[in-house]
$ cat start_8.cif   # mmCIF, C-alpha atoms and all ligand atoms
data_data
#
loop_
_atom_site.label_atom_id
_atom_site.label_comp_id
_atom_site.auth_asym_id
_atom_site.auth_seq_id
_atom_site.Cartn_x
_atom_site.Cartn_y
_atom_site.Cartn_z
CA MET W 1 0.00 0.00 0.00
CA LEU W 2 1.27 3.46 -0.92
CA ASN W 3 0.42 5.88 1.90
CA ILE W 4 0.03 9.42 0.65
CA ALA W 5 -0.47 12.83 2.24
CA VAL W 6 -2.17 15.42 0.04
CA LEU W 7 -1.44 19.12 0.57
CA VAL W 8 -4.03 21.60 -0.67
CA SER W 9 -4.98 25.27 -0.56
CA GLY W 10 -8.30 25.69 -2.32
CA GLY W 11 -11.13 23.96 -4.09
CA GLY W 12 -9.54 20.55 -4.11
CA THR W 13 -10.70 19.27 -7.48
CA ASN W 14 -7.37 17.48 -7.93
CA LEU W 15 -7.79 15.94 -4.48
CA GLN W 16 -11.28 14.84 -5.58
CA ALA W 17 -9.84 13.17 -8.69
CA ILE W 18 -7.48 11.17 -6.46
CA ILE W 19 -10.27 10.26 -4.00
CA ASP W 20 -12.49 9.12 -6.89
CA GLN W 21 -9.81 6.86 -8.35
CA VAL W 22 -8.98 5.37 -4.94
CA GLU W 23 -12.66 4.71 -4.24
CA ASP W 24 -13.54 3.23 -7.62
CA GLY W 25 -10.52 0.95 -7.63
CA ARG W 26 -8.42 2.62 -10.33
CA LEU W 27 -5.76 3.30 -7.68
CA PRO W 28 -6.06 0.02 -5.76
CA ASP W 29 -2.83 0.20 -3.80
CA VAL W 30 -3.12 3.79 -2.59
CA LYS W 31 -4.34 5.11 0.76
CA ILE W 32 -4.89 8.83 1.39
CA CYS W 33 -3.69 9.07 5.00
CA ALA W 34 -4.15 12.80 5.46
CA VAL W 35 -5.11 16.04 3.80
CA ILE W 36 -3.37 19.19 5.02
CA SER W 37 -4.46 22.69 3.99
CA ASN W 38 -2.80 26.01 4.68
CA ASN W 39 -6.21 27.61 4.36
CA ALA W 40 -8.88 26.86 6.96
CA GLY W 41 -11.67 27.75 4.52
CA ALA W 42 -10.47 25.48 1.71
CA PHE W 43 -13.30 23.42 0.24
CA ALA W 44 -10.73 20.64 -0.15
CA LEU W 45 -11.00 20.07 3.62
CA GLU W 46 -14.73 19.45 3.27
CA ARG W 47 -14.10 16.98 0.46
CA ALA W 48 -11.66 15.07 2.68
CA LYS W 49 -14.01 14.99 5.66
CA LYS W 50 -16.88 13.80 3.49
CA HIS W 51 -14.79 10.80 2.52
CA GLY W 52 -13.57 10.02 6.04
CA ILE W 53 -10.02 11.21 5.40
CA PRO W 54 -8.23 12.90 8.34
CA ALA W 55 -7.89 16.58 7.45
CA CYS W 56 -6.42 19.59 9.16
CA CYS W 57 -5.27 23.15 8.60
CA ILE W 58 -1.69 24.26 9.19
CA SER W 59 -1.45 27.91 8.22
CA PRO W 60 1.53 30.26 8.29
CA LYS W 61 -0.94 32.83 9.67
CA ASN W 62 -1.17 30.87 12.91
CA TYR W 63 2.57 30.94 13.58
CA GLU W 64 4.75 33.83 14.63
CA THR W 65 7.56 32.95 12.27
CA ARG W 66 7.97 31.07 9.03
CA ALA W 67 10.38 28.75 10.81
CA ALA W 68 7.67 27.83 13.33
CA PHE W 69 5.21 27.10 10.51
CA ASN W 70 7.81 25.02 8.70
CA LYS W 71 8.47 23.02 11.85
CA ALA W 72 4.75 22.40 12.40
CA LEU W 73 4.21 21.24 8.81
CA VAL W 74 7.21 18.93 8.78
CA GLY W 75 6.24 17.64 12.25
CA ALA W 76 2.72 16.81 11.07
CA LEU W 77 4.08 15.00 8.01
CA ASP W 78 6.59 13.07 10.09
CA GLU W 79 3.73 11.80 12.26
CA ILE W 80 1.95 10.51 9.17
CA SER W 81 5.20 9.23 7.67
CA PRO W 82 3.82 9.08 4.12
CA ASP W 83 5.48 7.23 1.24
CA LEU W 84 4.55 10.12 -1.04
CA ILE W 85 3.54 13.77 -0.51
CA VAL W 86 1.25 15.15 -3.21
CA LEU W 87 1.02 18.91 -3.71
CA ALA W 88 -2.45 19.23 -5.24
CA GLY W 89 -2.88 22.97 -5.65
CA PHE W 90 -0.76 23.76 -2.58
CA LEU W 91 0.15 27.39 -3.03
CA VAL W 92 2.64 27.81 -0.19
CA VAL W 93 6.43 27.67 -0.54
CA ILE W 94 7.33 24.40 1.11
CA PRO W 95 9.99 24.18 3.85
CA PRO W 96 13.51 23.40 2.57
CA GLU W 97 13.83 20.80 5.32
CA MET W 98 10.75 19.03 3.91
CA VAL W 99 12.33 18.84 0.44
CA GLU W 100 15.50 17.46 1.95
CA LYS W 101 13.79 14.89 4.17
CA TYR W 102 11.37 13.63 1.51
CA GLU W 103 13.69 13.98 -1.47
CA GLY W 104 12.23 12.31 -4.58
CA ARG W 105 8.97 11.62 -2.76
CA ILE W 106 7.13 14.92 -3.22
CA ILE W 107 5.19 15.57 -6.44
CA ASN W 108 3.43 18.70 -7.66
CA ILE W 109 0.81 19.37 -10.32
CA HIS W 110 1.34 22.58 -12.30
CA PRO W 111 -1.24 23.86 -14.78
CA SER W 112 1.03 24.51 -17.77
CA LEU W 113 3.58 22.70 -19.89
CA ILE W 114 6.76 23.38 -17.89
CA PRO W 115 9.05 25.26 -18.63
CA SER W 116 6.36 27.64 -19.91
CA PHE W 117 4.45 29.79 -17.43
CA CYS W 118 5.99 28.39 -14.27
CA GLY W 119 8.14 29.53 -11.37
CA THR W 120 7.58 32.29 -8.85
CA GLY W 121 4.30 34.14 -9.34
CA TYR W 122 2.78 31.58 -11.67
CA TYR W 123 0.00 29.80 -9.82
CA GLY W 124 -3.71 29.17 -10.28
CA LEU W 125 -5.47 31.49 -12.71
CA LYS W 126 -2.33 33.62 -13.20
CA VAL W 127 -0.83 30.79 -15.24
CA HIS W 128 -3.75 30.76 -17.65
CA GLU W 129 -3.88 34.57 -17.86
CA ALA W 130 -0.22 34.54 -18.91
CA ALA W 131 -0.76 31.77 -21.45
CA LEU W 132 -3.66 33.63 -23.07
CA LYS W 133 -1.72 36.91 -23.05
CA ARG W 134 1.16 35.23 -24.88
CA GLY W 135 -1.25 33.71 -27.37
CA VAL W 136 -0.12 30.10 -27.10
CA LYS W 137 -2.27 27.62 -29.00
CA ILE W 138 -1.38 24.67 -26.78
CA SER W 139 -1.09 24.59 -23.02
CA GLY W 140 -1.53 21.72 -20.58
CA ALA W 141 -0.37 20.39 -17.27
CA THR W 142 2.75 18.89 -15.75
CA VAL W 143 3.41 16.56 -12.84
CA HIS W 144 6.95 16.88 -11.56
CA ILE W 145 9.07 15.85 -8.63
CA VAL W 146 9.66 18.71 -6.23
CA ASP W 147 13.19 19.91 -5.66
CA SER W 148 14.49 23.02 -3.90
CA GLY W 149 13.46 25.35 -6.75
CA THR W 150 10.01 26.50 -7.88
CA ASP W 151 8.67 24.13 -10.56
CA THR W 152 12.23 23.07 -11.45
CA GLY W 153 12.24 19.38 -10.49
CA PRO W 154 12.32 16.39 -12.88
CA ILE W 155 9.20 16.10 -15.05
CA LEU W 156 7.18 12.88 -14.63
CA ILE W 157 4.17 13.37 -16.92
CA GLN W 158 2.86 16.12 -19.20
CA LYS W 159 -0.38 16.39 -21.13
CA ALA W 160 -1.13 18.98 -23.79
CA VAL W 161 -4.48 20.74 -24.06
CA GLU W 162 -5.75 22.92 -26.90
CA VAL W 163 -6.27 26.64 -26.27
CA LYS W 164 -9.38 27.92 -28.04
CA GLU W 165 -10.03 31.28 -29.64
CA ASP W 166 -12.55 32.60 -27.13
CA ASP W 167 -10.99 31.15 -23.98
CA THR W 168 -11.09 33.13 -20.77
CA PRO W 169 -8.59 32.18 -18.04
CA GLU W 170 -11.43 30.43 -16.18
CA VAL W 171 -12.55 28.42 -19.22
CA LEU W 172 -8.99 27.41 -20.06
CA GLN W 173 -8.30 26.48 -16.43
CA ARG W 174 -11.32 24.20 -16.36
CA ARG W 175 -10.42 22.50 -19.67
CA ILE W 176 -6.85 21.89 -18.48
CA MET W 177 -8.15 20.43 -15.22
CA GLU W 178 -10.64 18.14 -16.97
CA GLU W 179 -8.44 17.01 -19.85
CA ALA W 180 -5.06 16.92 -18.11
CA GLU W 181 -4.70 17.54 -14.38
CA TRP W 182 -7.37 15.14 -13.10
CA LYS W 183 -5.83 12.40 -15.24
CA ILE W 184 -2.08 12.84 -14.91
CA LEU W 185 -1.95 13.49 -11.16
CA PRO W 186 -3.64 10.15 -10.28
CA GLN W 187 -1.54 8.52 -13.02
CA ALA W 188 1.68 9.74 -11.38
CA ILE W 189 0.50 8.48 -7.99
CA GLY W 190 -0.16 5.11 -9.64
CA MET W 191 3.44 5.08 -10.88
CA PHE W 192 4.67 5.46 -7.29
CA ALA W 193 2.28 2.73 -6.12
CA GLU W 194 3.74 0.39 -8.75
CA ALA W 195 7.27 1.33 -7.68
CA LYS W 196 6.43 0.62 -4.05
CA LYS W 197 4.96 -2.78 -5.01
CA LYS W 198 8.20 -3.66 -6.77
CA GLY W 199 10.20 -2.55 -3.73
CA GLU W 200 11.72 0.32 -5.66
CA LEU W 201 10.56 3.14 -3.42
C1 LIG X 301 -4.82 23.56 -10.05
O1 LIG X 301 -5.08 24.08 -11.32
C2 LIG X 301 -3.33 23.31 -9.87
O2 LIG X 301 -2.71 22.88 -11.03
C3 LIG X 301 -2.87 24.69 -9.50
O3 LIG X 301 -3.85 25.18 -8.61
C4 LIG X 301 -5.12 24.61 -8.97
C5 LIG X 301 -5.74 23.99 -7.74
O4 LIG X 301 -7.05 23.53 -8.01
N1 LIG X 301 -1.55 24.67 -8.92
C6 LIG X 301 -0.65 25.61 -9.12
O5 LIG X 301 -0.86 26.61 -9.75
C7 LIG X 301 0.71 25.34 -8.47
N2 LIG X 301 1.68 26.25 -8.95
P1 LIG X 301 -7.77 22.48 -7.07
O6 LIG X 301 -7.68 23.00 -5.63
O7 LIG X 301 -9.19 22.49 -7.56
O8 LIG X 301 -7.10 21.14 -7.23
#
$ encode --input "start_8.cif" --output "structure tokens" --more "lines below"
Ligand code: GAR
Amino acid sequence: MLNIAVLVSGGGTNLQAIIDQVEDGRLPDVKICAVISNNAGAFALERAKKHGIPACCISPKNYETRAAFNKALVGALDEISPDLIVLAGFLVVIPPEMVEKYEGRIINIHPSLIPSFCGTGYYGLKVHEAALKRGVKISGATVHIVDSGTDTGPILIQKAVEVKEDDTPEVLQRRIMEEAEWKILPQAIGMFAEAKKKGEL
């Protein structure tokens, strides 16, 4: 069994895609052990609770220093001791000590074809606004392993999605989620589950 912790900030549609595949048997060897949000109001927390998954909020706002927040987040993860940490729309810079400790075992979904429209400042709708502004005809999503940079780690899976003439950032975001993100994020988790089965993790 691959034990995963999913880190979220918002709506949690990527989390939902993972939950759905675990529940309908498409990810048979995966257990979502915990969902952690930096945002107490994130709908993702409701999704987790609805499916009986332990969920909590760890927000930088509740700590006096960034170091204290980092310690709390890493401490919570250490208690869960996950095989894999999945950043599913987690919009907080993650602690360097977390990257070090869980090297090669943290993955992130980014809503563009890296190296386009990624790095500092490119998150959520901003990515799609930039893509439309540049006039690209193809965008997509990327799952990559997290390293110490922002969106710089090794790429695991990418999926291209067509940009249409009348797209707004919201319309493009939704198409990229439906056609790419909700497929390739569970797919990447499945790759880790296979690796664990083979004793490679
Ligand atoms: C997703 O589009 C995800 O790719 C993006 O935030 C959204 C979260 O949606 N992540 C980033 O921009 C990371 N740089 P969700 O909460 O509905 O899964």
$ residues_around --input "start_8.cif" --residues "Ile189 in chain W" --least-positions-apart "2" --cutoff "12 Å" --atoms "all atoms listed in the file" --output "short mmCIF file (atom, residue, chain, number, x, y, z; two decimals) with C-alpha atoms, in the frame of the given file"
data_model
loop_
_atom_site.label_atom_id
_atom_site.label_comp_id
_atom_site.auth_asym_id
_atom_site.auth_seq_id
_atom_site.Cartn_x
_atom_site.Cartn_y
_atom_site.Cartn_z
CA MET W 1 0.00 0.00 0.00
CA LEU W 2 1.27 3.46 -0.92
CA ASN W 3 0.42 5.88 1.90
CA ILE W 4 0.03 9.42 0.65
CA ALA W 5 -0.47 12.83 2.24
CA VAL W 6 -2.17 15.42 0.04
CA ASN W 14 -7.37 17.48 -7.93
CA LEU W 15 -7.79 15.94 -4.48
CA ALA W 17 -9.84 13.17 -8.69
CA ILE W 18 -7.48 11.17 -6.46
CA ILE W 19 -10.27 10.26 -4.00
CA GLN W 21 -9.81 6.86 -8.35
CA VAL W 22 -8.98 5.37 -4.94
CA ARG W 26 -8.42 2.62 -10.33
CA LEU W 27 -5.76 3.30 -7.68
CA PRO W 28 -6.06 0.02 -5.76
CA ASP W 29 -2.83 0.20 -3.80
CA VAL W 30 -3.12 3.79 -2.59
CA LYS W 31 -4.34 5.11 0.76
CA ILE W 32 -4.89 8.83 1.39
CA ASP W 83 5.48 7.23 1.24
CA LEU W 84 4.55 10.12 -1.04
CA ILE W 85 3.54 13.77 -0.51
CA VAL W 86 1.25 15.15 -3.21
CA LEU W 87 1.02 18.91 -3.71
CA ALA W 88 -2.45 19.23 -5.24
CA ARG W 105 8.97 11.62 -2.76
CA ILE W 106 7.13 14.92 -3.22
CA ILE W 107 5.19 15.57 -6.44
CA ASN W 108 3.43 18.70 -7.66
CA ILE W 109 0.81 19.37 -10.32
CA VAL W 143 3.41 16.56 -12.84
CA HIS W 144 6.95 16.88 -11.56
CA ILE W 145 9.07 15.85 -8.63
CA LEU W 156 7.18 12.88 -14.63
CA ILE W 157 4.17 13.37 -16.92
CA TRP W 182 -7.37 15.14 -13.10
CA LYS W 183 -5.83 12.40 -15.24
CA ILE W 184 -2.08 12.84 -14.91
CA LEU W 185 -1.95 13.49 -11.16
CA PRO W 186 -3.64 10.15 -10.28
CA GLN W 187 -1.54 8.52 -13.02
CA MET W 191 3.44 5.08 -10.88
CA PHE W 192 4.67 5.46 -7.29
CA ALA W 193 2.28 2.73 -6.12
CA GLU W 194 3.74 0.39 -8.75
CA ALA W 195 7.27 1.33 -7.68
CA LYS W 196 6.43 0.62 -4.05
#
$ residues_near_ligand --input "start_8.cif" --ligand "ligand LIG 301 (chain X)" --cutoff "7 Å" --atoms "only C-alpha atoms and all ligand atoms" --output "JSON, numbers by chain"
{"W": [8, 9, 10, 11, 12, 13, 14, 15, 44, 88, 89, 90, 91, 109, 110, 111, 122, 123, 124, 127, 173, 177, 181]}
$ atom_distance --input "start_8.cif" --atom1 "CA of Ser112 in chain W" --atom2 "CA of Asp24 in chain W"
27.7 Å
$ atom_distance --input "start_8.cif" --atom1 "CA of Lys198 in chain W" --atom2 "CA of Val146 in chain W"
22.4 Å
$ closest_residue --input "start_8.cif" --among "W:Asp151, W:Glu170, W:Glu23, W:Glu129" --to "Ile53 in chain W" --atoms "all atoms listed in the file"
W:Glu23
$ residues_around --input "start_8.cif" --residues "Val35 in chain W" --least-positions-apart "2" --cutoff "7 Å" --atoms "only C-alpha atoms" --output "PDB file with C-alpha atoms, in the coordinates of the input"
ATOM      1  CA  ALA W   5      -0.470  12.830   2.240  1.00  0.00           C
ATOM      2  CA  VAL W   6      -2.170  15.420   0.040  1.00  0.00           C
ATOM      3  CA  LEU W   7      -1.440  19.120   0.570  1.00  0.00           C
ATOM      4  CA  SER W  37      -4.460  22.690   3.990  1.00  0.00           C
ATOM      5  CA  ALA W  48     -11.660  15.070   2.680  1.00  0.00           C
ATOM      6  CA  PRO W  54      -8.230  12.900   8.340  1.00  0.00           C
ATOM      7  CA  ALA W  55      -7.890  16.580   7.450  1.00  0.00           C
ATOM      8  CA  CYS W  56      -6.420  19.590   9.160  1.00  0.00           C
TER       9      CYS W  56
END
